[in-house]
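**Student:** Mind having a look at this structure? Questions to follow.
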Amino acid sequence: MLDFIKGIFGKGIEGFTELEDEAFAAKLRDTSKPFILDVRSRQEHKEEKLHNAFNMDIMMPNFEERIGHMDKDKHYFVYCKSGSRGRKACRKLVKAGFKHIYNLKGGLNAWTGKTV
């Protein structure tokens, strides 16, 4: 039912869209100049990441300050390891006024595409 509502209104109730890995990959591919945001720790990011991902650890105390300097008109593709930190980051992005936010449901654990 929630997926049906998202399909009609384009976003979830929380103001961002959570996508399964194939839908996330398709949306990423179809978006001009996407911003891929890895919200895991620096160490996790060094070990494995999506190509061209920018790392900004959600657990750092300056996360909200840092997103305040980002372009709110871009399309943000957010991920973490399992989806939980990604959802938390998406909520913070919504609260800061961002409009085009996509979270990878299940995080990298659910991702079947390539990583670097």
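Chain identifiers are assigned as A, B, and so on, following the order in which chains appear in the structure tokens; residues are numbered from 1 within each chain, and ligands are numbered from 1 in order of appearance.
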I need the residues of chain A that end up classed as strand (DSSP E or B) by DSSP on the backbone, written out as a PyMOL selection string.
**Tutor:** chain A and resi 17-19+35-38+54-55+75-79+100-104
**Student:** Using only N, CA, C and O atoms, please write the residues we just selected to a file, as a short mmCIF file (atom, residue, chain, number, x, y, z; two decimals), in the first residue's frame.
**Tutor:**
```
data_model
loop_
_atom_site.label_atom_id
_atom_site.label_comp_id
_atom_site.auth_asym_id
_atom_site.auth_seq_id
_atom_site.Cartn_x
_atom_site.Cartn_y
_atom_site.Cartn_z
N THR A 17 12.27 9.34 -1.01
CA THR A 17 11.86 8.09 -1.63
C THR A 17 12.87 7.00 -1.30
O THR A 17 14.07 7.19 -1.48
N GLU A 18 12.38 5.88 -0.82
CA GLU A 18 13.23 4.74 -0.54
C GLU A 18 13.07 3.74 -1.68
O GLU A 18 11.95 3.35 -2.01
N LEU A 19 14.20 3.37 -2.30
CA LEU A 19 14.16 2.52 -3.47
C LEU A 19 14.96 1.24 -3.28
O LEU A 19 16.04 1.26 -2.69
N PHE A 35 24.05 13.26 -7.15
CA PHE A 35 25.00 13.39 -6.05
C PHE A 35 24.83 12.15 -5.19
O PHE A 35 23.79 11.97 -4.56
N ILE A 36 25.85 11.29 -5.18
CA ILE A 36 25.79 10.04 -4.41
C ILE A 36 26.42 10.30 -3.05
O ILE A 36 27.60 10.68 -2.96
N LEU A 37 25.64 10.12 -2.01
CA LEU A 37 26.07 10.45 -0.65
C LEU A 37 26.15 9.19 0.22
O LEU A 37 25.14 8.58 0.54
N ASP A 38 27.36 8.83 0.59
CA ASP A 38 27.63 7.69 1.47
C ASP A 38 27.71 8.25 2.89
O ASP A 38 28.59 9.04 3.21
N PHE A 54 30.36 10.48 -2.49
CA PHE A 54 30.96 11.45 -1.57
C PHE A 54 30.64 10.97 -0.16
O PHE A 54 29.49 10.64 0.14
N ASN A 55 31.62 10.95 0.70
CA ASN A 55 31.43 10.46 2.07
C ASN A 55 31.18 11.59 3.05
O ASN A 55 31.93 12.57 3.09
N HIS A 75 19.88 16.22 -7.01
CA HIS A 75 19.23 14.96 -6.68
C HIS A 75 20.23 14.13 -5.88
O HIS A 75 21.31 13.82 -6.37
N TYR A 76 19.85 13.79 -4.63
CA TYR A 76 20.73 13.09 -3.71
C TYR A 76 20.35 11.62 -3.60
O TYR A 76 19.20 11.28 -3.31
N PHE A 77 21.35 10.76 -3.80
CA PHE A 77 21.19 9.32 -3.69
C PHE A 77 21.99 8.90 -2.47
O PHE A 77 23.22 8.92 -2.48
N VAL A 78 21.28 8.53 -1.42
CA VAL A 78 21.88 8.29 -0.10
C VAL A 78 21.96 6.80 0.18
O VAL A 78 21.03 6.05 -0.12
N TYR A 79 23.07 6.39 0.79
CA TYR A 79 23.17 4.98 1.20
C TYR A 79 24.08 4.84 2.41
O TYR A 79 24.89 5.71 2.72
N HIS A 100 14.85 16.45 -3.51
CA HIS A 100 15.06 15.29 -4.38
C HIS A 100 16.01 14.31 -3.68
O HIS A 100 17.22 14.35 -3.89
N ILE A 101 15.43 13.43 -2.87
CA ILE A 101 16.24 12.56 -2.01
C ILE A 101 15.78 11.11 -2.20
O ILE A 101 14.59 10.81 -2.11
N TYR A 102 16.76 10.23 -2.45
CA TYR A 102 16.48 8.81 -2.65
C TYR A 102 17.39 8.01 -1.74
O TYR A 102 18.61 8.19 -1.75
N ASN A 103 16.80 7.12 -0.96
CA ASN A 103 17.58 6.27 -0.07
C ASN A 103 17.61 4.85 -0.62
O ASN A 103 16.59 4.33 -1.07
N LEU A 104 18.78 4.21 -0.56
CA LEU A 104 18.93 2.82 -0.98
C LEU A 104 18.40 1.91 0.12
O LEU A 104 19.01 1.79 1.18
#
```
**Student:** Could you name the residues that touch Glu64 of chain A at 9 Å or less, counting only C-alpha atoms, but leaving out those on the same chain fewer than 4 positions away, as a PyMOL selection string?
**Tutor:** chain A and resi 58+60+68+92-93+96
**Student:** Give me a file of those residues, with N, CA, C and O atoms, as a tab-separated table (two decimals), in the first residue's frame.
**Tutor:**
```
chain	number	residue	atom	x	y	z
A	58	ILE	N	27.13	10.35	8.89
A	58	ILE	CA	25.94	10.82	9.61
A	58	ILE	C	26.19	10.92	11.12
A	58	ILE	O	25.55	11.71	11.81
A	60	MET	N	28.85	12.04	12.62
A	60	MET	CA	29.70	13.17	12.99
A	60	MET	C	28.83	14.33	13.49
A	60	MET	O	27.76	14.59	12.92
A	68	GLY	N	24.09	21.88	5.28
A	68	GLY	CA	23.63	23.25	5.09
A	68	GLY	C	24.36	23.99	3.98
A	68	GLY	O	23.86	24.98	3.45
A	92	LYS	N	17.14	14.17	7.86
A	92	LYS	CA	17.85	15.43	8.12
A	92	LYS	C	17.88	16.30	6.86
A	92	LYS	O	17.75	17.53	6.95
A	93	LEU	N	18.05	15.68	5.70
A	93	LEU	CA	18.04	16.43	4.44
A	93	LEU	C	16.67	17.06	4.20
A	93	LEU	O	16.57	18.22	3.81
A	96	ALA	N	16.17	20.00	6.34
A	96	ALA	CA	16.98	21.14	5.89
A	96	ALA	C	16.46	21.75	4.59
A	96	ALA	O	17.02	22.72	4.11
```
**Student:** Any idea what the distance is between atom CA of Ser41 of chain A and atom CA of Phe63 of chain A?
**Tutor:**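 Between atom CA of Ser41 of chain A and atom CA of Phe63 of chain A the gap is 11.8 Å.
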**Student:** How far is it from atom CA of Gly97 of chain A to atom CA of Gly15 of chain A, in Å with one decimal?
**Tutor:**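 Straight-line distance from atom CA of Gly97 of chain A to atom CA of Gly15 of chain A works out to 9.8 Å.
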**Student:** Using only C-alpha atoms, which of A:Glu44, A:Met56, A:Glu14, A:Arg91 sits nearest Met70 of chain A?
**Tutor:** A:Met56
**Student:** I need the residue nearest Asp21 of chain A from this list: A:Val116, A:Ala110, A:Met59, A:Cys90. Use only C-alpha atoms for the distance.
**Tutor:**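 Looking at the shortest contact to Asp21 of chain A, the residue is A:Ala110.
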**Student:** Hey, what's within 10 Å of Leu108 of chain A if we count only C-alpha atoms and toss same-chain stuff fewer than 4 positions away? As a CSV table (one decimal) with C-alpha atoms, in the first residue's frame, please?
**Tutor:**
```
chain,number,residue,atom,x,y,z
A,21,ASP,CA,18.6,-1.6,-5.4
A,38,ASP,CA,27.6,7.7,1.5
A,48,GLU,CA,33.9,-0.3,-0.3
A,49,LYS,CA,31.7,2.3,-2.0
A,50,LEU,CA,29.6,3.2,-5.0
A,79,TYR,CA,23.2,5.0,1.2
A,80,CYS,CA,24.8,3.3,4.2
A,81,LYS,CA,25.4,-0.3,5.1
A,82,SER,CA,21.9,-1.5,5.9
A,83,GLY,CA,19.6,1.5,5.2
A,104,LEU,CA,18.9,2.8,-1.0
A,112,THR,CA,23.7,-6.1,-6.3
A,113,GLY,CA,25.5,-3.6,-8.6
A,115,THR,CA,31.2,-1.2,-6.0
```
**Student:** Can you work out the spacing between atom CA of Gly106 of chain A and atom CA of Ser84 of chain A in Å, to one decimal?
**Tutor:**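 We find that atom CA of Gly106 of chain A and atom CA of Ser84 of chain A lie 7.8 Å from each other.
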